[in-house]
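This report refers to the structure that appears directly beneath it.
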Amino acid sequence: MNFRAIATIYHAEMARTGRTLMQSVLAPVISTSLYFVVFGAAIGSRIEEIDGVGYGAFIVPGLVMMMILMQSVSNAAIGIYFPKFTGTVYEILSAPVSAFEIVIGYVGAAATKSLILGVLVLATAAFFVPLEVQHPLAMLAFLVLTSVTFSLFGFIIGIWADNFEQLNIVPMLIVTPLTFLGGSFYSISVLPPFWQTVTLFNPVVYLISGFRWSFYGVSDVDVGISLVAILGFFLACLAIAWWMFRTGYRLKN
């Protein structure tokens, strides 16, 4: 494996984040903090606790997961779309670098950015509510798996998109609604039985439920099922991303 090539792609993507620090780091952290202030203060004053956890603390895992999902998809999609848009992707395709190594470089950088943002949001939340992490290894596993998996998903979107409208349509019309309806701010147990069943078809429910379990030991879905769901989605995205680069799908004229 060409580690030097992977490191070059990785460092180039991380350097791009450094040049846009306000947009890439500060803006997501501030916006997520505002969600916490609004929902934690306004709604938290009327809802004392859910499943034995104070409402302000209950929504922290959901907010972190929401931010990671959206930023992972966005960072990875933009990271590969702009080389396509400017034509520099042909330099990468002609270089002695395998499809797998290219995917690792771009996805690794996008996942790293999301993990940094996730840690910053957790640190910010600790100023507002006392956080408890009962299963730190599980929390780290869900953070890493979710960041990598949805960075792969964003990478696929970036390759598939032919214009800026297509680049934004999936995150805005699919990822964001699924995140809001995936239990970020509530437990699905409060829903009527019919809507509980419908909600279980939302894959984000399993991510948020498993991540919340790592904090407080409570979840809407069995943690084993959550882990299997994220691993399955990860393998599917990895296979699709590798195939796209291997075949030159929407990369070669």
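All residue names refer to the structure tokens as shown: chains lettered A, B, ... in order, residues numbered from 1 in each chain, ligands numbered from 1 in order.
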Would you write out, as a tab-separated table, a table of all residues in range 134-158 of chain A that have an atom no more than 8 Å from an atom of range 98-111 of chain A, listing for each the closest atom pair and the distance in Å to one decimal, considering only C-alpha atoms and ordering rows by chain and rising residue number?
```
residue	atom	partner	partner_atom	distance
A:Val144	CA	A:Ala111	CA	7.6
A:Ser147	CA	A:Ala111	CA	4.8
A:Val148	CA	A:Ala111	CA	5.1
A:Ser151	CA	A:Val107	CA	5.5
A:Leu152	CA	A:Val107	CA	6.0
A:Phe155	CA	A:Val107	CA	7.0
```
Counting only C-alpha atoms, what is within 10 Å of Leu140 in chain A, bar same-chain residues fewer than 6 positions away, as a PyMOL selection string? chain A and resi 115+146+211+214
Find the residues around Ser184 in chain A up to 9 Å (only C-alpha atoms counted), leave out those fewer than 5 positions away in its own chain, and share them as a PDB file with N, CA and C atoms, in the first residue's frame.
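Final file, part_6.pdb:
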```pdb
ATOM      1  N   PHE A  58     -29.895  14.196  27.857  1.00  0.00           N
ATOM      2  CA  PHE A  58     -30.415  13.175  26.944  1.00  0.00           C
ATOM      3  C   PHE A  58     -30.180  13.551  25.483  1.00  0.00           C
ATOM      4  N   ILE A  59     -30.291  14.836  25.155  1.00  0.00           N
ATOM      5  CA  ILE A  59     -30.186  15.235  23.752  1.00  0.00           C
ATOM      6  C   ILE A  59     -28.740  15.404  23.280  1.00  0.00           C
ATOM      7  N   VAL A  60     -27.766  15.375  24.206  1.00  0.00           N
ATOM      8  CA  VAL A  60     -26.372  15.584  23.800  1.00  0.00           C
ATOM      9  C   VAL A  60     -25.895  14.538  22.788  1.00  0.00           C
ATOM     10  N   PRO A  61     -26.086  13.221  23.039  1.00  0.00           N
ATOM     11  CA  PRO A  61     -25.647  12.245  22.031  1.00  0.00           C
ATOM     12  C   PRO A  61     -26.333  12.443  20.677  1.00  0.00           C
ATOM     13  N   GLY A  62     -27.622  12.813  20.703  1.00  0.00           N
ATOM     14  CA  GLY A  62     -28.331  13.049  19.451  1.00  0.00           C
ATOM     15  C   GLY A  62     -27.768  14.235  18.693  1.00  0.00           C
ATOM     16  N   LEU A  63     -27.428  15.300  19.403  1.00  0.00           N
ATOM     17  CA  LEU A  63     -26.848  16.477  18.757  1.00  0.00           C
ATOM     18  C   LEU A  63     -25.471  16.180  18.179  1.00  0.00           C
ATOM     19  N   VAL A  64     -24.654  15.452  18.930  1.00  0.00           N
ATOM     20  CA  VAL A  64     -23.324  15.090  18.432  1.00  0.00           C
ATOM     21  C   VAL A  64     -23.443  14.226  17.183  1.00  0.00           C
ATOM     22  N   MET A  65     -24.332  13.236  17.235  1.00  0.00           N
ATOM     23  CA  MET A  65     -24.508  12.344  16.082  1.00  0.00           C
ATOM     24  C   MET A  65     -25.067  13.101  14.887  1.00  0.00           C
ATOM     25  N   MET A  66     -25.988  14.023  15.121  1.00  0.00           N
ATOM     26  CA  MET A  66     -26.552  14.817  14.035  1.00  0.00           C
ATOM     27  C   MET A  66     -25.461  15.625  13.339  1.00  0.00           C
ATOM     28  N   THR A 179     -32.152  12.506  10.166  1.00  0.00           N
ATOM     29  CA  THR A 179     -31.480  12.789  11.433  1.00  0.00           C
ATOM     30  C   THR A 179     -32.444  13.395  12.441  1.00  0.00           C
ATOM     31  N   VAL A 205     -31.926   6.001  13.376  1.00  0.00           N
ATOM     32  CA  VAL A 205     -32.406   5.629  14.711  1.00  0.00           C
ATOM     33  C   VAL A 205     -31.410   4.707  15.406  1.00  0.00           C
ATOM     34  N   ILE A 208     -28.139   6.705  16.538  1.00  0.00           N
ATOM     35  CA  ILE A 208     -28.350   7.565  17.704  1.00  0.00           C
ATOM     36  C   ILE A 208     -28.641   6.738  18.946  1.00  0.00           C
ATOM     37  N   SER A 209     -29.441   5.681  18.783  1.00  0.00           N
ATOM     38  CA  SER A 209     -29.785   4.824  19.920  1.00  0.00           C
ATOM     39  C   SER A 209     -28.540   4.160  20.495  1.00  0.00           C
TER      40      SER A 209
END
```
Between CA of Val133 in chain A and CA of Val53 in chain A, what is the distance in Å, rounded to a tenth?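 It comes out at 12.4 Å.
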Residue nearest Thr149 in chain A - candidates A:Leu117, A:Ala241, A:Ala126, A:Ala7, atoms counted: only C-alpha atoms: A:Ala241
Kindly indicate which residue among A:Ala77, A:Val29, A:Leu191, A:Ile169 lies nearest to Val119 in chain A, using only C-alpha atoms for the distances. A:Val29
Between range 88-157 of chain A and range 30-34 of chain A, at 12 Å or less, what are the per-residue closest atom pairs and their distances in Å? Count only C-alpha atoms, order by chain and rising residue number, and return it as JSON lines.
```
{"residue": "A:Leu117", "atom": "CA", "partner": "A:Thr32", "partner_atom": "CA", "distance": 10.1}
{"residue": "A:Gly118", "atom": "CA", "partner": "A:Thr32", "partner_atom": "CA", "distance": 10.1}
{"residue": "A:Leu120", "atom": "CA", "partner": "A:Ser33", "partner_atom": "CA", "distance": 10.1}
{"residue": "A:Val121", "atom": "CA", "partner": "A:Ser33", "partner_atom": "CA", "distance": 7.2}
{"residue": "A:Leu122", "atom": "CA", "partner": "A:Ser33", "partner_atom": "CA", "distance": 9.7}
{"residue": "A:Ala123", "atom": "CA", "partner": "A:Ser33", "partner_atom": "CA", "distance": 10.5}
{"residue": "A:Thr124", "atom": "CA", "partner": "A:Ser33", "partner_atom": "CA", "distance": 7.2}
{"residue": "A:Ala125", "atom": "CA", "partner": "A:Ser33", "partner_atom": "CA", "distance": 7.4}
{"residue": "A:Ala126", "atom": "CA", "partner": "A:Ser33", "partner_atom": "CA", "distance": 11.0}
{"residue": "A:Phe127", "atom": "CA", "partner": "A:Ser33", "partner_atom": "CA", "distance": 10.6}
{"residue": "A:Phe128", "atom": "CA", "partner": "A:Ser33", "partner_atom": "CA", "distance": 9.8}
```
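Minimum atom-to-atom distances from A:Phe142, A:Phe82, A:Tyr35, A:Tyr206 to Val221 in chain A were compared using only C-alpha atoms, and the lowest value belongs to A:Tyr206.
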DSSP-assigned helix (DSSP H, G or I) members of range 12-206 of chain A, reported as a ChimeraX atom specification: /A:12-19,21-43,55-86,89-94,99-125,136-160,164-180,188-190,193-199,203-206
Go ahead and dump the residues you just picked, C-alpha atoms, as a compact mmCIF listing (two decimals), in the first residue's frame.
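Written output follows (out.txt):
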```txt
# COMPACT_ATOMS: atom_id res chain seq x y z
CA ALA A 12 -4.10 18.27 1.31
CA GLU A 13 -7.68 17.83 2.52
CA MET A 14 -6.81 18.72 6.10
CA ALA A 15 -4.95 21.82 4.88
CA ARG A 16 -8.11 22.92 3.06
CA THR A 17 -9.94 22.79 6.39
CA GLY A 18 -7.27 24.95 7.98
CA ARG A 19 -7.78 27.60 5.30
CA LEU A 21 -11.43 27.33 9.77
CA MET A 22 -14.42 29.59 10.41
CA GLN A 23 -16.68 27.71 8.01
CA SER A 24 -15.32 24.21 8.63
CA VAL A 25 -15.03 24.21 12.42
CA LEU A 26 -16.47 27.22 14.22
CA ALA A 27 -19.75 27.46 12.30
CA PRO A 28 -20.83 23.80 12.90
CA VAL A 29 -19.88 23.98 16.59
CA ILE A 30 -21.76 27.25 17.12
CA SER A 31 -24.86 26.09 15.25
CA THR A 32 -24.98 22.80 17.15
CA SER A 33 -24.49 24.65 20.44
CA LEU A 34 -27.47 26.85 19.56
CA TYR A 35 -29.58 23.71 19.06
CA PHE A 36 -28.53 22.61 22.51
CA VAL A 37 -29.31 25.97 24.10
CA VAL A 38 -32.72 26.25 22.43
CA PHE A 39 -33.90 22.67 22.95
CA GLY A 40 -32.16 22.19 26.29
CA ALA A 41 -33.42 25.44 27.80
CA ALA A 42 -36.80 25.92 26.15
CA ILE A 43 -38.00 22.32 26.02
CA TYR A 55 -33.54 16.10 29.05
CA GLY A 56 -30.56 18.43 28.59
CA ALA A 57 -28.15 15.51 28.94
CA PHE A 58 -30.42 13.17 26.94
CA ILE A 59 -30.19 15.23 23.75
CA VAL A 60 -26.37 15.58 23.80
CA PRO A 61 -25.65 12.24 22.03
CA GLY A 62 -28.33 13.05 19.45
CA LEU A 63 -26.85 16.48 18.76
CA VAL A 64 -23.32 15.09 18.43
CA MET A 65 -24.51 12.34 16.08
CA MET A 66 -26.55 14.82 14.03
CA MET A 67 -23.54 17.06 13.56
CA ILE A 68 -21.23 14.16 12.68
CA LEU A 69 -23.66 12.75 10.12
CA MET A 70 -24.17 16.06 8.36
CA GLN A 71 -20.52 17.16 8.46
CA SER A 72 -19.16 13.77 7.37
CA VAL A 73 -21.38 13.72 4.31
CA SER A 74 -20.73 17.37 3.47
CA ASN A 75 -16.94 17.28 3.91
CA ALA A 76 -16.42 14.10 1.92
CA ALA A 77 -18.79 15.12 -0.88
CA ILE A 78 -17.14 18.51 -1.35
CA GLY A 79 -13.66 16.99 -1.02
CA ILE A 80 -14.03 14.79 -4.11
CA TYR A 81 -16.47 16.98 -6.06
CA PHE A 82 -14.12 19.95 -6.43
CA PRO A 83 -11.32 17.90 -8.05
CA LYS A 84 -13.98 16.71 -10.50
CA PHE A 85 -15.23 20.25 -11.02
CA THR A 86 -11.74 21.69 -11.63
CA VAL A 89 -9.14 14.49 -10.50
CA TYR A 90 -7.52 13.24 -13.72
CA GLU A 91 -4.10 13.84 -12.17
CA ILE A 92 -5.12 11.54 -9.31
CA LEU A 93 -6.52 8.91 -11.65
CA SER A 94 -3.35 8.88 -13.75
CA ALA A 99 -8.68 3.20 -5.95
CA PHE A 100 -8.62 1.93 -2.38
CA GLU A 101 -5.77 4.28 -1.44
CA ILE A 102 -7.59 7.28 -2.93
CA VAL A 103 -10.72 6.42 -0.97
CA ILE A 104 -8.72 6.07 2.26
CA GLY A 105 -7.08 9.47 1.77
CA TYR A 106 -10.26 11.44 1.09
CA VAL A 107 -12.52 9.57 3.50
CA GLY A 108 -9.89 9.54 6.25
CA ALA A 109 -9.59 13.32 6.11
CA ALA A 110 -13.37 13.87 6.12
CA ALA A 111 -13.81 11.44 9.04
CA THR A 112 -11.02 13.15 10.99
CA LYS A 113 -12.71 16.54 10.61
CA SER A 114 -16.01 15.08 11.83
CA LEU A 115 -14.36 13.44 14.84
CA ILE A 116 -12.69 16.72 15.80
CA LEU A 117 -16.03 18.50 15.56
CA GLY A 118 -17.71 15.76 17.59
CA VAL A 119 -15.17 16.13 20.40
CA LEU A 120 -15.58 19.93 20.35
CA VAL A 121 -19.37 19.65 20.61
CA LEU A 122 -19.06 17.19 23.51
CA ALA A 123 -16.67 19.55 25.27
CA THR A 124 -19.08 22.44 24.70
CA ALA A 125 -22.02 20.41 26.02
CA PRO A 136 -16.30 4.96 26.65
CA LEU A 137 -14.96 2.30 24.26
CA ALA A 138 -18.40 1.83 22.75
CA MET A 139 -18.79 5.59 22.45
CA LEU A 140 -15.47 5.85 20.60
CA ALA A 141 -16.39 2.93 18.35
CA PHE A 142 -19.71 4.52 17.36
CA LEU A 143 -18.01 7.89 16.76
CA VAL A 144 -15.34 6.40 14.49
CA LEU A 145 -17.67 4.02 12.63
CA THR A 146 -20.28 6.71 12.03
CA SER A 147 -17.72 9.27 10.87
CA VAL A 148 -16.04 6.86 8.46
CA THR A 149 -19.28 5.35 7.17
CA PHE A 150 -21.00 8.64 6.40
CA SER A 151 -17.80 10.08 4.97
CA LEU A 152 -17.88 7.15 2.55
CA PHE A 153 -21.52 7.95 1.83
CA GLY A 154 -20.62 11.59 1.17
CA PHE A 155 -17.74 10.47 -1.04
CA ILE A 156 -20.21 8.49 -3.14
CA ILE A 157 -22.49 11.53 -3.42
CA GLY A 158 -19.55 13.70 -4.49
CA ILE A 159 -18.67 11.30 -7.29
CA TRP A 160 -22.29 10.88 -8.37
CA PHE A 164 -23.94 21.77 -7.03
CA GLU A 165 -27.69 21.09 -6.90
CA GLN A 166 -27.14 17.33 -6.94
CA LEU A 167 -24.31 17.76 -4.43
CA ASN A 168 -26.70 19.29 -1.88
CA ILE A 169 -29.97 17.51 -2.64
CA VAL A 170 -29.20 14.24 -0.81
CA PRO A 171 -27.85 15.84 2.41
CA MET A 172 -30.67 18.40 2.54
CA LEU A 173 -33.63 16.25 1.51
CA ILE A 174 -32.60 12.86 2.90
CA VAL A 175 -29.85 12.97 5.54
CA THR A 176 -31.13 16.01 7.47
CA PRO A 177 -34.79 14.86 7.75
CA LEU A 178 -33.72 11.33 8.73
CA THR A 179 -31.48 12.79 11.43
CA PHE A 180 -34.20 14.99 12.91
CA ILE A 188 -39.13 6.89 19.99
CA SER A 189 -40.91 5.24 22.93
CA VAL A 190 -43.01 8.42 23.28
CA PRO A 193 -47.11 2.25 18.33
CA PHE A 194 -47.68 2.72 14.58
CA TRP A 195 -45.12 5.52 14.29
CA GLN A 196 -42.65 3.58 16.43
CA THR A 197 -42.78 0.82 13.82
CA VAL A 198 -42.37 3.30 10.96
CA THR A 199 -39.43 4.97 12.70
CA PRO A 203 -31.35 3.79 9.77
CA VAL A 204 -30.30 6.86 11.77
CA VAL A 205 -32.41 5.63 14.71
CA TYR A 206 -29.96 2.77 15.25
```
Could you pull out the strand (DSSP E or B) residues of range 41-186 of chain A, going by DSSP on the backbone, and write them as a PyMOL selection string? chain A and resi 49-50+53-54
Please dump the current selection as a tab-separated table (two decimals), in the first residue's frame; keep N, CA, C and O atoms.
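What landed in again_9.tsv:
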```tsv
chain	number	residue	atom	x	y	z
A	49	GLU	N	-37.09	14.70	32.48
A	49	GLU	CA	-36.17	13.63	32.11
A	49	GLU	C	-36.85	12.62	31.20
A	49	GLU	O	-38.08	12.54	31.14
A	50	ILE	N	-36.03	11.86	30.48
A	50	ILE	CA	-36.50	10.77	29.62
A	50	ILE	C	-35.68	9.53	29.97
A	50	ILE	O	-34.44	9.59	29.97
A	53	VAL	N	-33.00	10.04	32.47
A	53	VAL	CA	-31.90	10.95	32.14
A	53	VAL	C	-32.47	12.34	31.94
A	53	VAL	O	-33.48	12.52	31.27
A	54	GLY	N	-31.84	13.35	32.55
A	54	GLY	CA	-32.29	14.72	32.36
A	54	GLY	C	-32.33	15.08	30.88
A	54	GLY	O	-31.44	14.68	30.12
```
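Using only C-alpha atoms, the smallest distance between any of A:Trp243, A:Trp213, A:Tyr249, A:Phe201 and Leu227 in chain A comes from A:Trp213.
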Point-to-point distance from CA of Ile6 in chain A to CA of Ala236 in chain A, Å rounded to tenths: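 Going from CA of Ile6 in chain A over to CA of Ala236 in chain A covers 21.7 Å.
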Two-atom distance - CA of Arg246 in chain A, CA of Asn2 in chain A (Å):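 CA of Arg246 in chain A sits 16.5 Å away from CA of Asn2 in chain A.
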